[in-house]
Amino acid sequence: MLLVSIVIFSVAAIFLLPTLSDLISLLALRRGTGPLVPPAQDTRFLILIPAHDEELLISHTVESTRALRWPPHLVRTIVIADNCTDATAEVARAAGAEVLERRHETLRGKPRAIAWALERVDLADYDAVVVLDADSLIDPGYCQAIASAAPVRSRAFQGWIDVSNRTETALTRMGAVFSTARCLYANELKTRTGLTVPFGNGLCLGAEVLERHGWTAFSICEDWELYAILTEQGVPVLGVPAAHTYSQEAKTLKQGSSQRSRWAAGKTTVLARYLGPLLRTRRIGWRQKLDAVAELTGLGPVVHAGVAALLSMLAAALAVPGWPWLVALLLGSLLRTVVLTALALRHDPEPGKAILAFLYLPWYAVWRIVVQVKSFGMLGDKPWVRTDRHAQQPADTPPLDRQGP
């Protein structure tokens with residue numbers, strides 16, 4: 001029983017790391033964000049859209065890049081048609097994008113496609129490179145928001161990843177709330193206190209960052225690997241919530257299974273590979289190291305809540321040594337998620353329906369835990385599995401030109 005108690009305490013301690021990091025950040029928080037910086041109107045953007053069999057949605061993605069509120073001669077959009085077996089390249093060209101077609105029998109997947117494309121452009125011609133998923137929409141004000149966070153070339157940025165099909169199902173509504181909690185609140189706190197933020201769709205890399213470090217993230221979860229690499233190197237990664245993008249959220253458990261498994265396995269793989277370098281590096285301080293470990297060991301809000309609840313019931317049922325304290329620590333680790341979720345609900349266009357969607361949370365949590373366990377079979381550099389897309393109804397498409405907070 002003592003061993004069980006020690007294991008549960010260890011899990012609770014890991015679960016509390018994000019809360020500890022945020023509390024330290026709140027103590028270090030300075031009021032105000034400094035003077036507003038006028039956008040650098042000559043900032044040059046390269047938008048890369050890696051796409052594998054994305055003929056269903058690619059035209060909408062390309063059209064959103066053509067609607068950017070930025071001088072057209074300062075934006076170049078390239079769709080990387082990677083080992084496509086459908087009409088992705090033809091549809092993208094018809095929508096007005098430049099297309100590079102890539103075929104490789106073994107080196108497949110999004111990160112390889114990005115690296116391949118970067119070898120075929122001159123980074124000196126650009127100030128920033130944006131990586132946009134092929135099922136996404138980019139807000140017209142995206143470039144203006146990034147340019148306002150100057151200097152651009154020497155830093156990296158992550159915008160607000162919103163959900164394009166928020167109203168479809170309970171899953172998509174919950175996904176939108178959790179995304180807002182992450183991008184608008186958690187990332188904002190990190191940026192205001194000098195911590196790097198994790199990457200996702202719509203990430204933006206300054207040209208000097210790519211020239212100095214290259215693209216070396218080739219795991220099945222390249223966003224987390226890139227975050228670990230640049231954090232270890234001391235590269236500033238800022239959250240810019242006004243840089244808005246919209247991604248399609250899986251509307252069913254079956255559709256989201258491969259995606260969630262890939263994310264879970266990829267993050268665990270990145271943790272195993274980069275924990276040592278992150279702890280040993282002298283380029284970042286102890287507070288950044290603590291936050292990076294908290295990010296890489298985090299299970300996500302739903303899995304975290306499900307595991308904390310299961311372990312609390314187990315500790316109480318077995319009456320392991322110190323079980324009341326263990327239950328208090330486990331449930332206390334959920335307070336951060338509850339607060340962030342409540343704050344995010346304030347920004348939901350339909351908060352009542354979003355709250356009702358959370359009635360599905362217990363079943364969703366069980367499913368996510370099962371997916372998390374199954375993901376251990378994907379550890380390492382396993383083949384990338386594409387997430388199925390679906391057509392969206394016009395009513396589900398979000399209004400673009402959304403302003404930041």
# chains A, B, ... in the order shown; residues from 1 in each chain; ligands from 1
$ residues_around --residues "Phe157 in chain A" --least-positions-apart "2" --cutoff "7 Å" --atoms "only C-alpha atoms" --output "tab-separated table (two decimals) with C-alpha atoms, in the first residue's frame"
chain	number	residue	atom	x	y	z
A	155	ARG	CA	11.65	35.40	-32.69
A	159	GLY	CA	-1.45	32.70	-32.52
A	203	LEU	CA	2.92	28.84	-35.96
A	204	CYS	CA	5.24	31.57	-37.23
A	205	LEU	CA	9.04	31.39	-37.30
A	237	VAL	CA	8.34	32.12	-28.63
A	238	LEU	CA	5.54	34.62	-28.05
A	239	GLY	CA	1.81	34.09	-27.90
A	240	VAL	CA	-0.07	36.51	-30.16
$ residues_around --residues "Pro324 in chain A" --least-positions-apart "4" --cutoff "12 Å" --atoms "only C-alpha atoms" --output "list in words"
Ser5, Ile8, Phe9, Leu311, Ser312, Met313, Leu314, Ala315, Ala316, Ala317, Leu318, Ala319, Val320, Ala328, Leu329, Leu330, Leu331 and Gly332 of chain A
$ closest_residue --among "A:Val62, A:Val307, A:Leu171, A:Val209" --to "Leu359 in chain A" --atoms "only C-alpha atoms"
A:Leu171
$ closest_residue --among "A:Ala250, A:Ala242, A:Val338, A:Leu356" --to "Asn165 in chain A" --atoms "only C-alpha atoms"
A:Ala250
$ closest_residue --among "A:Thr106, A:Thr169, A:Thr231, A:Thr337" --to "Leu299 in chain A" --atoms "only C-alpha atoms"
A:Thr337
$ select_by_dssp --residues "range 22-126 of chain A" --states "helix (DSSP H, G or I)" --output "tab-separated table (two decimals) with all heavy atoms, in the first residue's frame"
chain	number	residue	atom	x	y	z
A	22	ASP	N	2.33	28.45	-13.14
A	22	ASP	CA	1.45	29.62	-13.31
A	22	ASP	C	1.45	30.51	-12.07
A	22	ASP	O	1.41	31.75	-12.19
A	22	ASP	CB	0.02	29.16	-13.60
A	22	ASP	CG	-0.16	28.77	-15.06
A	22	ASP	OD1	0.81	28.88	-15.83
A	22	ASP	OD2	-1.27	28.34	-15.43
A	23	LEU	N	1.49	29.92	-10.89
A	23	LEU	CA	1.52	30.73	-9.67
A	23	LEU	C	2.80	31.56	-9.61
A	23	LEU	O	2.77	32.75	-9.24
A	23	LEU	CB	1.42	29.83	-8.44
A	23	LEU	CG	0.05	29.20	-8.18
A	23	LEU	CD1	0.13	28.24	-7.00
A	23	LEU	CD2	-1.00	30.28	-7.92
A	24	ILE	N	3.92	30.97	-9.99
A	24	ILE	CA	5.18	31.71	-10.02
A	24	ILE	C	5.11	32.83	-11.05
A	24	ILE	O	5.58	33.95	-10.82
A	24	ILE	CB	6.36	30.76	-10.32
A	24	ILE	CG1	6.53	29.76	-9.18
A	24	ILE	CG2	7.65	31.55	-10.54
A	24	ILE	CD1	7.55	28.67	-9.47
A	25	SER	N	4.49	32.53	-12.20
A	25	SER	CA	4.34	33.56	-13.23
A	25	SER	C	3.45	34.70	-12.76
A	25	SER	O	3.72	35.87	-13.04
A	25	SER	CB	3.76	32.94	-14.51
A	25	SER	OG	4.70	32.08	-15.12
A	26	LEU	N	2.38	34.37	-12.04
A	26	LEU	CA	1.50	35.42	-11.52
A	26	LEU	C	2.23	36.33	-10.55
A	26	LEU	O	2.01	37.55	-10.53
A	26	LEU	CB	0.28	34.79	-10.83
A	26	LEU	CG	-0.78	34.18	-11.76
A	26	LEU	CD1	-1.80	33.40	-10.95
A	26	LEU	CD2	-1.46	35.27	-12.58
A	27	LEU	N	3.13	35.76	-9.76
A	27	LEU	CA	3.93	36.58	-8.84
A	27	LEU	C	4.91	37.47	-9.60
A	27	LEU	O	5.24	38.57	-9.14
A	27	LEU	CB	4.71	35.68	-7.87
A	27	LEU	CG	3.86	34.89	-6.86
A	27	LEU	CD1	4.74	33.95	-6.05
A	27	LEU	CD2	3.11	35.85	-5.94
A	28	ALA	N	5.34	36.99	-10.78
A	28	ALA	CA	6.29	37.77	-11.58
A	28	ALA	C	5.61	38.70	-12.57
A	28	ALA	O	6.26	39.47	-13.27
A	28	ALA	CB	7.22	36.82	-12.35
A	58	ILE	N	-8.85	22.26	-49.14
A	58	ILE	CA	-7.70	23.09	-49.46
A	58	ILE	C	-8.07	24.40	-50.14
A	58	ILE	O	-7.41	25.43	-49.94
A	58	ILE	CB	-6.67	22.29	-50.32
A	58	ILE	CG1	-5.37	23.06	-50.45
A	58	ILE	CG2	-7.27	21.96	-51.69
A	58	ILE	CD1	-4.63	23.24	-49.17
A	59	SER	N	-9.12	24.40	-50.93
A	59	SER	CA	-9.49	25.65	-51.62
A	59	SER	C	-9.90	26.72	-50.63
A	59	SER	O	-9.56	27.91	-50.80
A	59	SER	CB	-10.63	25.39	-52.62
A	59	SER	OG	-11.81	24.97	-51.96
A	60	HIS	N	-10.61	26.34	-49.56
A	60	HIS	CA	-11.01	27.32	-48.54
A	60	HIS	C	-9.78	27.88	-47.81
A	60	HIS	O	-9.73	29.08	-47.49
A	60	HIS	CB	-11.96	26.67	-47.54
A	60	HIS	CG	-13.21	26.13	-48.16
A	60	HIS	ND1	-14.16	26.94	-48.74
A	60	HIS	CD2	-13.66	24.86	-48.31
A	60	HIS	CE1	-15.15	26.20	-49.21
A	60	HIS	NE2	-14.87	24.93	-48.97
A	61	THR	N	-8.81	27.01	-47.56
A	61	THR	CA	-7.58	27.45	-46.90
A	61	THR	C	-6.84	28.46	-47.76
A	61	THR	O	-6.43	29.53	-47.28
A	61	THR	CB	-6.67	26.24	-46.61
A	61	THR	OG1	-7.40	25.27	-45.86
A	61	THR	CG2	-5.44	26.66	-45.83
A	62	VAL	N	-6.67	28.14	-49.04
A	62	VAL	CA	-5.96	29.05	-49.95
A	62	VAL	C	-6.70	30.37	-50.08
A	62	VAL	O	-6.10	31.46	-50.06
A	62	VAL	CB	-5.78	28.38	-51.32
A	62	VAL	CG1	-5.22	29.38	-52.33
A	62	VAL	CG2	-4.86	27.17	-51.20
A	63	GLU	N	-8.02	30.32	-50.22
A	63	GLU	CA	-8.81	31.54	-50.36
A	63	GLU	C	-8.67	32.45	-49.14
A	63	GLU	O	-8.65	33.68	-49.27
A	63	GLU	CB	-10.27	31.18	-50.58
A	63	GLU	CG	-10.55	30.60	-51.97
A	63	GLU	CD	-11.89	29.90	-52.06
A	63	GLU	OE1	-12.65	29.96	-51.07
A	63	GLU	OE2	-12.19	29.29	-53.11
A	64	SER	N	-8.54	31.86	-47.96
A	64	SER	CA	-8.37	32.69	-46.76
A	64	SER	C	-7.02	33.39	-46.77
A	64	SER	O	-6.91	34.53	-46.29
A	64	SER	CB	-8.53	31.84	-45.49
A	64	SER	OG	-7.43	30.98	-45.27
A	65	THR	N	-5.98	32.76	-47.34
A	65	THR	CA	-4.68	33.44	-47.42
A	65	THR	C	-4.72	34.58	-48.43
A	65	THR	O	-4.01	35.58	-48.27
A	65	THR	CB	-3.56	32.45	-47.80
A	65	THR	OG1	-3.76	31.98	-49.14
A	65	THR	CG2	-3.51	31.27	-46.85
A	66	ARG	N	-5.53	34.46	-49.45
A	66	ARG	CA	-5.65	35.51	-50.46
A	66	ARG	C	-6.45	36.70	-49.93
A	66	ARG	O	-6.42	37.78	-50.53
A	66	ARG	CB	-6.30	34.95	-51.72
A	66	ARG	CG	-5.38	33.97	-52.46
A	66	ARG	CD	-6.12	33.22	-53.56
A	66	ARG	NE	-6.68	34.12	-54.56
A	66	ARG	CZ	-5.99	34.65	-55.58
A	66	ARG	NH1	-4.71	34.37	-55.72
A	66	ARG	NH2	-6.58	35.44	-56.45
A	72	PRO	N	-0.32	42.31	-51.02
A	72	PRO	CA	-0.15	41.00	-51.68
A	72	PRO	C	1.29	40.71	-52.08
A	72	PRO	O	1.71	39.54	-52.06
A	72	PRO	CB	-1.05	41.12	-52.91
A	72	PRO	CG	-2.08	42.12	-52.53
A	72	PRO	CD	-1.37	43.11	-51.66
A	73	HIS	N	2.07	41.75	-52.43
A	73	HIS	CA	3.45	41.50	-52.86
A	73	HIS	C	4.35	41.12	-51.68
A	73	HIS	O	5.51	40.72	-51.90
A	73	HIS	CB	4.01	42.72	-53.60
A	73	HIS	CG	4.23	43.93	-52.71
A	73	HIS	ND1	3.19	44.76	-52.33
A	73	HIS	CD2	5.35	44.42	-52.13
A	73	HIS	CE1	3.67	45.74	-51.56
A	73	HIS	NE2	4.97	45.55	-51.42
A	74	LEU	N	3.84	41.22	-50.46
A	74	LEU	CA	4.62	40.86	-49.27
A	74	LEU	C	4.21	39.50	-48.71
A	74	LEU	O	4.69	39.11	-47.65
A	74	LEU	CB	4.46	41.93	-48.18
A	74	LEU	CG	4.99	43.32	-48.52
A	74	LEU	CD1	4.72	44.29	-47.37
A	74	LEU	CD2	6.49	43.28	-48.83
A	88	THR	N	-5.48	17.37	-54.87
A	88	THR	CA	-5.07	18.48	-54.01
A	88	THR	C	-4.32	19.56	-54.79
A	88	THR	O	-4.62	20.75	-54.68
A	88	THR	CB	-4.18	17.97	-52.86
A	88	THR	OG1	-4.96	17.13	-52.00
A	88	THR	CG2	-3.64	19.13	-52.04
A	89	ALA	N	-3.33	19.16	-55.59
A	89	ALA	CA	-2.52	20.14	-56.32
A	89	ALA	C	-3.37	20.94	-57.29
A	89	ALA	O	-3.26	22.18	-57.37
A	89	ALA	CB	-1.39	19.42	-57.06
A	90	GLU	N	-4.22	20.27	-58.03
A	90	GLU	CA	-5.05	20.97	-59.02
A	90	GLU	C	-6.03	21.93	-58.35
A	90	GLU	O	-6.21	23.07	-58.81
A	90	GLU	CB	-5.83	19.95	-59.86
A	90	GLU	CG	-4.97	19.10	-60.79
A	90	GLU	CD	-4.25	17.96	-60.07
A	90	GLU	OE1	-4.47	17.80	-58.84
A	90	GLU	OE2	-3.48	17.24	-60.73
A	91	VAL	N	-6.65	21.51	-57.25
A	91	VAL	CA	-7.61	22.36	-56.55
A	91	VAL	C	-6.90	23.57	-55.96
A	91	VAL	O	-7.42	24.70	-56.02
A	91	VAL	CB	-8.34	21.56	-55.45
A	91	VAL	CG1	-9.22	22.48	-54.60
A	91	VAL	CG2	-9.17	20.45	-56.06
A	92	ALA	N	-5.71	23.37	-55.39
A	92	ALA	CA	-4.97	24.48	-54.80
A	92	ALA	C	-4.56	25.50	-55.86
A	92	ALA	O	-4.65	26.72	-55.63
A	92	ALA	CB	-3.74	23.95	-54.07
A	93	ARG	N	-4.11	25.01	-57.00
A	93	ARG	CA	-3.74	25.94	-58.09
A	93	ARG	C	-4.96	26.72	-58.57
A	93	ARG	O	-4.88	27.93	-58.82
A	93	ARG	CB	-3.13	25.16	-59.25
A	93	ARG	CG	-1.72	24.66	-59.01
A	93	ARG	CD	-1.06	24.21	-60.31
A	93	ARG	NE	0.26	23.63	-60.05
A	93	ARG	CZ	0.49	22.34	-59.91
A	93	ARG	NH1	-0.52	21.47	-60.02
A	93	ARG	NH2	1.70	21.89	-59.67
A	94	ALA	N	-6.07	26.05	-58.70
A	94	ALA	CA	-7.28	26.72	-59.16
A	94	ALA	C	-7.73	27.81	-58.18
A	94	ALA	O	-8.34	28.81	-58.57
A	94	ALA	CB	-8.40	25.70	-59.35
A	95	ALA	N	-7.40	27.61	-56.90
A	95	ALA	CA	-7.76	28.60	-55.88
A	95	ALA	C	-6.78	29.77	-55.84
A	95	ALA	O	-7.03	30.75	-55.13
A	95	ALA	CB	-7.84	27.93	-54.51
A	110	LYS	N	4.10	15.55	-42.72
A	110	LYS	CA	4.14	17.01	-42.66
A	110	LYS	C	5.52	17.60	-42.39
A	110	LYS	O	5.96	18.50	-43.11
A	110	LYS	CB	3.13	17.48	-41.61
A	110	LYS	CG	3.11	18.97	-41.34
A	110	LYS	CD	2.09	19.29	-40.26
A	110	LYS	CE	2.15	20.76	-39.85
A	110	LYS	NZ	1.16	21.05	-38.78
A	111	PRO	N	6.25	17.15	-41.35
A	111	PRO	CA	7.55	17.79	-41.08
A	111	PRO	C	8.55	17.60	-42.20
A	111	PRO	O	9.35	18.51	-42.49
A	111	PRO	CB	8.02	17.12	-39.78
A	111	PRO	CG	7.23	15.86	-39.68
A	111	PRO	CD	5.92	16.14	-40.33
A	112	ARG	N	8.55	16.43	-42.86
A	112	ARG	CA	9.46	16.21	-43.99
A	112	ARG	C	9.09	17.11	-45.16
A	112	ARG	O	9.97	17.62	-45.86
A	112	ARG	CB	9.42	14.74	-44.41
A	112	ARG	CG	9.92	13.77	-43.36
A	112	ARG	CD	11.40	13.89	-43.15
A	112	ARG	NE	11.88	12.97	-42.12
A	112	ARG	CZ	13.16	12.86	-41.75
A	112	ARG	NH1	14.07	13.61	-42.34
A	112	ARG	NH2	13.51	12.01	-40.81
A	113	ALA	N	7.80	17.31	-45.36
A	113	ALA	CA	7.35	18.18	-46.45
A	113	ALA	C	7.78	19.62	-46.20
A	113	ALA	O	8.20	20.33	-47.13
A	113	ALA	CB	5.83	18.09	-46.59
A	114	ILE	N	7.69	20.07	-44.96
A	114	ILE	CA	8.10	21.44	-44.63
A	114	ILE	C	9.60	21.63	-44.87
A	114	ILE	O	10.03	22.62	-45.49
A	114	ILE	CB	7.74	21.76	-43.17
A	114	ILE	CG1	6.22	21.75	-42.98
A	114	ILE	CG2	8.33	23.10	-42.75
A	114	ILE	CD1	5.78	21.81	-41.53
A	115	ALA	N	10.40	20.69	-44.38
A	115	ALA	CA	11.85	20.78	-44.57
A	115	ALA	C	12.21	20.78	-46.05
A	115	ALA	O	13.09	21.54	-46.50
A	115	ALA	CB	12.55	19.62	-43.85
A	116	TRP	N	11.55	19.95	-46.82
A	116	TRP	CA	11.78	19.87	-48.28
A	116	TRP	C	11.48	21.20	-48.95
A	116	TRP	O	12.24	21.67	-49.80
A	116	TRP	CB	10.93	18.75	-48.84
A	116	TRP	CG	11.01	18.55	-50.32
A	116	TRP	CD1	11.93	17.82	-51.01
A	116	TRP	CD2	10.09	19.07	-51.31
A	116	TRP	NE1	11.66	17.85	-52.36
A	116	TRP	CE2	10.54	18.62	-52.57
A	116	TRP	CE3	8.96	19.87	-51.23
A	116	TRP	CZ2	9.88	18.94	-53.75
A	116	TRP	CZ3	8.30	20.20	-52.41
A	116	TRP	CH2	8.76	19.73	-53.66
A	117	ALA	N	10.37	21.82	-48.57
A	117	ALA	CA	9.99	23.10	-49.17
A	117	ALA	C	10.96	24.21	-48.77
A	117	ALA	O	11.30	25.07	-49.60
A	117	ALA	CB	8.57	23.46	-48.76
A	118	LEU	N	11.41	24.21	-47.53
A	118	LEU	CA	12.33	25.25	-47.07
A	118	LEU	C	13.66	25.20	-47.82
A	118	LEU	O	14.33	26.23	-47.96
A	118	LEU	CB	12.56	25.13	-45.57
A	118	LEU	CG	11.37	25.55	-44.68
A	118	LEU	CD1	11.64	25.20	-43.23
A	118	LEU	CD2	11.10	27.05	-44.83
A	123	LEU	N	15.43	32.05	-47.78
A	123	LEU	CA	14.90	32.68	-46.58
A	123	LEU	C	15.25	34.16	-46.50
A	123	LEU	O	14.58	34.92	-45.79
A	123	LEU	CB	15.41	31.96	-45.34
A	123	LEU	CG	14.82	30.56	-45.08
A	123	LEU	CD1	15.51	29.90	-43.90
A	123	LEU	CD2	13.32	30.67	-44.82
A	124	ALA	N	16.28	34.58	-47.21
A	124	ALA	CA	16.63	36.00	-47.21
A	124	ALA	C	15.54	36.87	-47.81
A	124	ALA	O	15.50	38.09	-47.57
A	124	ALA	CB	17.94	36.20	-47.97
A	125	ASP	N	14.64	36.27	-48.55
A	125	ASP	CA	13.55	37.02	-49.18
A	125	ASP	C	12.37	37.26	-48.24
A	125	ASP	O	11.40	37.93	-48.62
A	125	ASP	CB	13.04	36.27	-50.42
A	125	ASP	CG	14.07	36.21	-51.52
A	125	ASP	OD1	14.99	37.07	-51.53
A	125	ASP	OD2	13.97	35.31	-52.37
$ closest_residue --among "A:Leu253, A:Ala228, A:Val4, A:Ala97" --to "Tyr274 in chain A" --atoms "only C-alpha atoms"
A:Ala228
$ residues_around --residues "range 361-376 of chain A" --least-positions-apart "4" --cutoff "9 Å" --atoms "only C-alpha atoms" --output "PyMOL selection string"
chain A and resi 170-171+174+253+257-258+260-266+268+299+302-307+357
$ write_last_selection --atoms "all heavy atoms" --output "compact mmCIF listing (two decimals), in the first residue's frame"
# COMPACT_ATOMS: atom_id res chain seq x y z
N ALA A 170 -20.94 18.30 -29.53
CA ALA A 170 -20.43 18.61 -28.20
C ALA A 170 -18.90 18.58 -28.19
O ALA A 170 -18.26 19.38 -27.49
CB ALA A 170 -20.98 17.60 -27.19
N LEU A 171 -18.30 17.68 -28.96
CA LEU A 171 -16.85 17.59 -29.01
C LEU A 171 -16.24 18.87 -29.58
O LEU A 171 -15.22 19.37 -29.07
CB LEU A 171 -16.42 16.39 -29.87
CG LEU A 171 -16.78 15.01 -29.35
CD1 LEU A 171 -16.32 13.94 -30.33
CD2 LEU A 171 -16.15 14.77 -27.99
N MET A 174 -16.57 21.74 -26.99
CA MET A 174 -15.58 21.63 -25.92
C MET A 174 -14.18 21.96 -26.43
O MET A 174 -13.40 22.63 -25.75
CB MET A 174 -15.61 20.22 -25.32
CG MET A 174 -16.80 19.94 -24.43
SD MET A 174 -16.64 18.39 -23.48
CE MET A 174 -16.70 17.18 -24.80
N LEU A 253 -15.77 10.70 -32.05
CA LEU A 253 -14.65 10.02 -31.41
C LEU A 253 -13.84 9.23 -32.43
O LEU A 253 -12.60 9.22 -32.38
CB LEU A 253 -15.17 9.09 -30.31
CG LEU A 253 -15.95 9.75 -29.17
CD1 LEU A 253 -16.34 8.71 -28.13
CD2 LEU A 253 -15.14 10.87 -28.52
N SER A 257 -9.70 9.76 -33.27
CA SER A 257 -8.86 8.75 -32.63
C SER A 257 -7.41 8.80 -33.08
O SER A 257 -6.49 8.83 -32.26
CB SER A 257 -9.45 7.36 -32.91
OG SER A 257 -8.67 6.36 -32.28
N SER A 258 -7.17 8.81 -34.39
CA SER A 258 -5.79 8.80 -34.88
C SER A 258 -5.06 10.07 -34.50
O SER A 258 -3.87 10.04 -34.16
CB SER A 258 -5.77 8.62 -36.41
OG SER A 258 -6.40 9.72 -37.05
N ARG A 260 -5.63 12.12 -31.84
CA ARG A 260 -5.30 12.13 -30.41
C ARG A 260 -4.20 11.14 -30.07
O ARG A 260 -3.33 11.42 -29.23
CB ARG A 260 -6.54 11.83 -29.58
CG ARG A 260 -7.29 13.04 -29.06
CD ARG A 260 -7.75 13.96 -30.15
NE ARG A 260 -8.46 15.12 -29.62
CZ ARG A 260 -9.10 15.99 -30.37
NH1 ARG A 260 -9.14 15.84 -31.69
NH2 ARG A 260 -9.69 17.04 -29.82
N SER A 261 -4.20 9.98 -30.71
CA SER A 261 -3.15 9.00 -30.47
C SER A 261 -1.80 9.55 -30.90
O SER A 261 -0.79 9.39 -30.20
CB SER A 261 -3.46 7.71 -31.23
OG SER A 261 -4.63 7.09 -30.74
N ARG A 262 -1.77 10.20 -32.05
CA ARG A 262 -0.52 10.78 -32.56
C ARG A 262 -0.02 11.88 -31.63
O ARG A 262 1.17 11.94 -31.32
CB ARG A 262 -0.74 11.33 -33.97
CG ARG A 262 0.45 12.07 -34.55
CD ARG A 262 0.26 12.34 -36.03
NE ARG A 262 -0.97 13.07 -36.30
CZ ARG A 262 -1.10 14.39 -36.24
NH1 ARG A 262 -0.06 15.13 -35.88
NH2 ARG A 262 -2.25 14.97 -36.52
N TRP A 263 -0.91 12.74 -31.19
CA TRP A 263 -0.50 13.81 -30.28
C TRP A 263 0.08 13.25 -28.99
O TRP A 263 1.13 13.70 -28.51
CB TRP A 263 -1.69 14.71 -29.96
CG TRP A 263 -2.12 15.59 -31.08
CD1 TRP A 263 -1.45 15.82 -32.26
CD2 TRP A 263 -3.31 16.37 -31.16
NE1 TRP A 263 -2.16 16.68 -33.06
CE2 TRP A 263 -3.30 17.04 -32.41
CE3 TRP A 263 -4.39 16.56 -30.31
CZ2 TRP A 263 -4.34 17.89 -32.81
CZ3 TRP A 263 -5.42 17.41 -30.70
CH2 TRP A 263 -5.39 18.06 -31.93
N ALA A 264 -0.60 12.26 -28.41
CA ALA A 264 -0.17 11.70 -27.13
C ALA A 264 1.18 11.00 -27.27
O ALA A 264 2.10 11.21 -26.47
CB ALA A 264 -1.22 10.74 -26.60
N ALA A 265 1.31 10.16 -28.30
CA ALA A 265 2.56 9.43 -28.50
C ALA A 265 3.70 10.38 -28.85
O ALA A 265 4.83 10.23 -28.37
CB ALA A 265 2.39 8.39 -29.61
N GLY A 266 3.42 11.36 -29.70
CA GLY A 266 4.45 12.31 -30.10
C GLY A 266 4.96 13.13 -28.94
O GLY A 266 6.17 13.36 -28.81
N THR A 268 4.94 12.31 -25.74
CA THR A 268 5.73 11.44 -24.86
C THR A 268 7.11 11.19 -25.45
O THR A 268 8.12 11.18 -24.72
CB THR A 268 5.00 10.11 -24.63
OG1 THR A 268 3.70 10.36 -24.10
CG2 THR A 268 5.78 9.23 -23.66
N LEU A 299 -0.91 16.04 -19.58
CA LEU A 299 -1.71 15.07 -20.34
C LEU A 299 -2.84 15.71 -21.12
O LEU A 299 -3.55 15.01 -21.85
CB LEU A 299 -2.30 14.03 -19.38
CG LEU A 299 -1.31 13.10 -18.69
CD1 LEU A 299 -2.05 12.17 -17.73
CD2 LEU A 299 -0.51 12.29 -19.70
N VAL A 302 -8.58 17.04 -20.37
CA VAL A 302 -9.57 15.98 -20.19
C VAL A 302 -8.94 14.72 -19.61
O VAL A 302 -9.46 14.12 -18.66
CB VAL A 302 -10.27 15.66 -21.53
CG1 VAL A 302 -11.23 14.48 -21.36
CG2 VAL A 302 -11.04 16.89 -22.04
N VAL A 303 -7.79 14.31 -20.16
CA VAL A 303 -7.10 13.13 -19.63
C VAL A 303 -6.64 13.39 -18.20
O VAL A 303 -6.76 12.53 -17.33
CB VAL A 303 -5.90 12.76 -20.53
CG1 VAL A 303 -5.19 11.53 -19.95
CG2 VAL A 303 -6.36 12.47 -21.95
N HIS A 304 -6.12 14.59 -17.96
CA HIS A 304 -5.70 14.97 -16.61
C HIS A 304 -6.86 14.81 -15.63
O HIS A 304 -6.72 14.19 -14.57
CB HIS A 304 -5.21 16.42 -16.65
CG HIS A 304 -4.78 16.96 -15.32
ND1 HIS A 304 -4.06 18.12 -15.18
CD2 HIS A 304 -4.97 16.53 -14.05
CE1 HIS A 304 -3.84 18.37 -13.90
NE2 HIS A 304 -4.37 17.40 -13.20
N ALA A 305 -8.03 15.35 -15.98
CA ALA A 305 -9.18 15.28 -15.09
C ALA A 305 -9.62 13.83 -14.87
O ALA A 305 -9.93 13.42 -13.73
CB ALA A 305 -10.33 16.10 -15.67
N GLY A 306 -9.64 13.04 -15.93
CA GLY A 306 -10.06 11.65 -15.81
C GLY A 306 -9.13 10.83 -14.94
O GLY A 306 -9.58 10.07 -14.07
N VAL A 307 -7.82 10.98 -15.16
CA VAL A 307 -6.85 10.23 -14.37
C VAL A 307 -6.88 10.68 -12.91
O VAL A 307 -6.80 9.85 -11.98
CB VAL A 307 -5.43 10.39 -14.96
CG1 VAL A 307 -4.39 9.74 -14.04
CG2 VAL A 307 -5.37 9.76 -16.35
N ALA A 357 -22.56 21.22 -23.52
CA ALA A 357 -21.69 20.27 -24.20
C ALA A 357 -20.81 19.52 -23.20
O ALA A 357 -20.45 18.35 -23.43
CB ALA A 357 -20.82 20.99 -25.23
$ atom_distance --atom1 "CA of Val152 in chain A" --atom2 "CA of Pro241 in chain A"
15.5 Å
$ residues_around --residues "Tyr185 in chain A" --least-positions-apart "3" --cutoff "9 Å" --atoms "only C-alpha atoms" --output "count of residues only"
9
$ atom_distance --atom1 "CA of Arg153 in chain A" --atom2 "CA of Arg212 in chain A"
11.0 Å
$ select_by_dssp --residues "range 37-69 of chain A" --states "strand (DSSP E)" --output "JSON list (two decimals) with C-alpha atoms, in the first residue's frame"
[["chain", "number", "residue", "atom", "x", "y", "z"],
["A", 45, "PHE", "CA", 5.63, 36.52, -45.09],
["A", 46, "LEU", "CA", 6.00, 33.05, -46.57],
["A", 47, "ILE", "CA", 2.99, 30.82, -45.84],
["A", 48, "LEU", "CA", 3.62, 27.09, -46.20],
["A", 49, "ILE", "CA", 0.61, 24.76, -46.34],
["A", 50, "PRO", "CA", 1.68, 21.08, -46.20],
["A", 51, "ALA", "CA", -1.13, 18.99, -47.65]]
$ residues_around --residues "Lys251 in chain A" --least-positions-apart "2" --cutoff "10 Å" --atoms "only C-alpha atoms" --output "list in words"
Asn165, Arg166, Thr167, Glu168, Thr169, Ala170, Leu171, Thr172, Arg173, Gly175, Gln248, Glu249, Leu253, Lys254, Gln255, Gly256, Arg389 and His390 of chain A
$ closest_residue --among "A:Val177, A:Ala217, A:Val339, A:Ala309" --to "Ala354 in chain A" --atoms "only C-alpha atoms"
A:Val177
$ residues_around --residues "Arg282 in chain A" --least-positions-apart "5" --cutoff "12 Å" --atoms "only C-alpha atoms" --output "PyMOL selection string"
chain A and resi 231-234+277+288-289
$ closest_residue --among "A:Gly298, A:Gly206, A:Gly109, A:Pro321" --to "Val11 in chain A" --atoms "only C-alpha atoms"
A:Gly298
$ atom_distance --atom1 "CA of Ala67 in chain A" --atom2 "CA of Leu210 in chain A"
26.2 Å
$ decode --residues "range 76-80 of chain A" --atoms "C-alpha atoms" --output "tab-separated table (two decimals), in the first residue's frame"
chain	number	residue	atom	x	y	z
A	76	ARG	CA	3.79	34.29	-50.82
A	77	THR	CA	1.63	31.20	-50.31
A	78	ILE	CA	2.95	27.74	-51.21
A	79	VAL	CA	0.92	24.56	-50.95
A	80	ILE	CA	3.14	21.49	-50.59
